[in-house]
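Undergrad: The structure follows.
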Amino acid sequence: MQKTVKFRTPSRLKDRYEVVIEGSLAESPGEGDWLAYEFHGKPGVWYREWAPGAPDDFTALVNLTTAPPLPVIPEAWHGKKVAALIAASAGSPDAGAPQFAAFRDLAEPIADLLGPMPYTVIQSLIDPLWPKGIQAYFKGTNLSRLDDALIDTLTDRHQDAPGPQCEIHVHQMGGAVGRVGRDETAFVERSMPYVLNAVTGWQDSAAGQSHRDWARNVVAGASDQSTGLAYSNFLGDPGAGRALYDAETYDRLAALKDRYDPTNLFRLNQNVVPAGSPG
């Protein structure tokens, strides 16, 4: 089950958004439709108030992005700054309905593409935006809180994006993930309520530096709210593996590398260096 709510941000004003909603239910194939509405307020504030009460089988993220030229999005919206609220439910459509109703209660929708579809379709919805050969850079950090100052900072960074495939994702955490013990897995930090991810993609090689700089600036803007750790899939810089673990966990993984990969053959990733290696 997936749903997207897109809030257009036509200026740097943070108290007025025009809203688009799109979404789907991952139960069976189906179709949706589009509606339109205006929403007054900050979607990040609404999301922060909604997230703590979400059930375990329902999750959502806020995506500050640019409306892509996809057939499901009205042409008048193409290229405009939007904020997308994307959610998925692992339960039945009836179980997810109250949560989706909370999204619709924001205001009368501008566009709503909500209908049943397989999980594999959900996962491939934006594949046309990421064709073979596109260049990409991600950078992220775990957040201890989503306060008003960070919401304002991310809104400003959104407006400064250097290209149409520059996105700011704020992922909801907690739930079952947060109930696993700190020492039970290598994924050591589970208490963070949110994860921030700056996503960029570009076709022209000359645009790479501006996109990487923008993503780093997004994460730097959250330094006061960061826990200091991050999620491995959201780190695009080589050698960023230290940011994934506390010292105790990293040392334990380095000892495992000593045992199973002492020459560091498997190093083309966010690498944990064997304890006996110079680096």
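Labeling convention for the structure tokens: chains A, B, ... as they appear, residues from 1 per chain, ligands from 1 in order of appearance.
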Give me the residues near Phe234 (chain A) as a list in words, where near means some atom within 6 Å (using only C-alpha atoms) and where sequence neighbours in that chain fewer than 2 positions away do not count.
TA: Phe138, Lys139, Gly140, Tyr231 and Ser232 of chain A
Undergrad: Do a neighbour search on Asn271 (chain A) at 9 Å with only C-alpha atoms, toss out local chain neighbours closer than 6 positions, and write the hits as an MDAnalysis selection string.
TA: chainID A and resid 238:242 264
Undergrad: Can you write out the residues you just picked, keeping C-alpha atoms, as a tab-separated table (two decimals), in the first residue's frame?
TA:
```
chain	number	residue	atom	x	y	z
A	238	PRO	CA	34.07	6.36	0.12
A	239	GLY	CA	35.37	5.58	3.58
A	240	ALA	CA	32.21	6.72	5.38
A	241	GLY	CA	31.76	3.36	7.13
A	242	ARG	CA	32.88	4.76	10.49
A	264	ASN	CA	40.03	-6.81	2.71
```
Undergrad: Need to verify the contact set: Ala176 (chain A), 10 Å, only C-alpha atoms, exclusion of same-chain residues closer than 4 positions in sequence. Can you return it as a list in words?
TA: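 In the requested format, the answer is Pro55, Asp56, Asp57, Val180 and Arg190 of chain A.
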Undergrad: Need to verify the contact set: Phe58 (chain A), 10 Å, only C-alpha atoms, exclusion of same-chain residues closer than 3 positions in sequence. Can you return it as a PyMOL selection string?
TA: chain A and resi 1-2+51+54-55+87-91+95-96+99-100+172+175
Undergrad: For Pro193 (chain A), work out the shell of residues within 8 Å, counting only C-alpha atoms and skipping chain neighbours fewer than 6 positions away, then give it as a list of chain:residue names.
TA: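 The residues satisfying every condition are A:Leu143, A:Ser144, A:Arg145, A:Gln172, A:Met173, A:Gly174.
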Undergrad: Between A:Glu189, A:Asp183, A:Asp148, A:Asp258, single out the one closest to Ala243 (chain A), counting only C-alpha atoms.
TA: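 Among A:Glu189, A:Asp183, A:Asp148, A:Asp258, it is A:Glu189 that comes nearest to Ala243 (chain A).
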Undergrad: From region 44-153 of chain A, collect each residue whose DSSP state is helix (DSSP H, G or I) and return the set as number ranges by chain.
TA: A: 44-53, 75-77, 93-104, 119-123, 127-129, 148-153
Undergrad: Restricting the calculation to only C-alpha atoms: of A:Pro164, A:Pro274, A:Gly53, A:Gly228, which residue gets closest to Pro69 (chain A)?
TA: A:Pro164
Undergrad: Report the distance between CA of Trp50 (chain A) and CA of Tyr245 (chain A) in Å, rounded to one decimal place.
TA: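 Atom-to-atom, CA of Trp50 (chain A) and CA of Tyr245 (chain A) are spaced 29.0 Å apart.
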Undergrad: Run DSSP on the backbone and grab whatever in region 172-269 of chain A lands in strand (DSSP E or B); send it over as a ChimeraX atom specification.
TA: /A:172,194-202,226,235
Undergrad: Return as CSV the residues of region 110-201 of chain A lying at most 9 Å from region 214-221 of chain A, together with the closest atom-to-atom pair for each and the distance in Å to one decimal, counting only C-alpha atoms, with rows in chain order and ascending residue number.
TA:
```
residue,atom,partner,partner_atom,distance
A:Tyr137,CA,A:Ala215,CA,7.8
A:Phe138,CA,A:Ala215,CA,7.0
A:Lys139,CA,A:Ala215,CA,6.2
A:Gly140,CA,A:Val219,CA,6.3
A:Thr141,CA,A:Val219,CA,6.8
A:Leu150,CA,A:Gly221,CA,7.4
A:Thr153,CA,A:Gly221,CA,6.5
A:Leu154,CA,A:Val218,CA,6.8
A:Arg157,CA,A:Val218,CA,6.2
A:His158,CA,A:Val218,CA,8.6
A:Asp160,CA,A:Trp214,CA,8.1
A:Ala161,CA,A:Trp214,CA,6.7
A:Pro162,CA,A:Trp214,CA,7.3
A:Cys166,CA,A:Ala215,CA,8.0
A:Glu167,CA,A:Ala215,CA,8.6
A:Ile168,CA,A:Val218,CA,7.8
A:Leu196,CA,A:Val219,CA,7.5
A:Asn197,CA,A:Val219,CA,7.7
A:Ala198,CA,A:Ala215,CA,5.2
A:Val199,CA,A:Ala215,CA,6.8
A:Thr200,CA,A:Ala215,CA,7.1
```
Undergrad: Provide the CA of Leu235 (chain A) to CA of Asp251 (chain A) distance in Å, to one decimal place.
TA: 20.0 Å
Undergrad: Skip Gly276 (chain A) itself and residues of its chain fewer than 2 positions away, then list as a ChimeraX atom specification all residues within 10 Å of it, counting only C-alpha atoms.
TA: /A:254-255,257-258,262-263,273-274,278-279
Undergrad: Using C-alpha atoms, can you write the selected residues to a file as a short mmCIF file (atom, residue, chain, number, x, y, z; two decimals), in the first residue's frame?
TA:
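Output contents, as saved in part10.cif:
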```
data_model
loop_
_atom_site.label_atom_id
_atom_site.label_comp_id
_atom_site.auth_asym_id
_atom_site.auth_seq_id
_atom_site.Cartn_x
_atom_site.Cartn_y
_atom_site.Cartn_z
CA ALA A 254 36.72 -5.36 12.33
CA ALA A 255 37.54 -8.51 14.28
CA LYS A 257 36.89 -9.04 8.99
CA ASP A 258 40.18 -10.23 10.42
CA PRO A 262 41.90 -10.44 6.37
CA THR A 263 43.08 -9.08 2.99
CA VAL A 273 38.72 -2.38 7.61
CA PRO A 274 40.22 -5.52 9.18
CA PRO A 278 46.81 -0.36 8.18
CA GLY A 279 43.69 1.09 6.49
#
```
Undergrad: Here is a test: counting only C-alpha atoms, which residue of A:Ala76, A:Ile126, A:Ala101, A:Ala60 is nearest to Val195 (chain A)?
TA: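 Checking each of A:Ala76, A:Ile126, A:Ala101, A:Ala60 against Val195 (chain A), counting only C-alpha atoms, the winner is A:Ala60.
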Undergrad: Counting only C-alpha atoms, which of A:Gly236, A:Gly44, A:Gln135, A:Pro118 gets nearest to Ala206 (chain A)?
TA: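 Among the listed residues, A:Gln135 lies closest to Ala206 (chain A).
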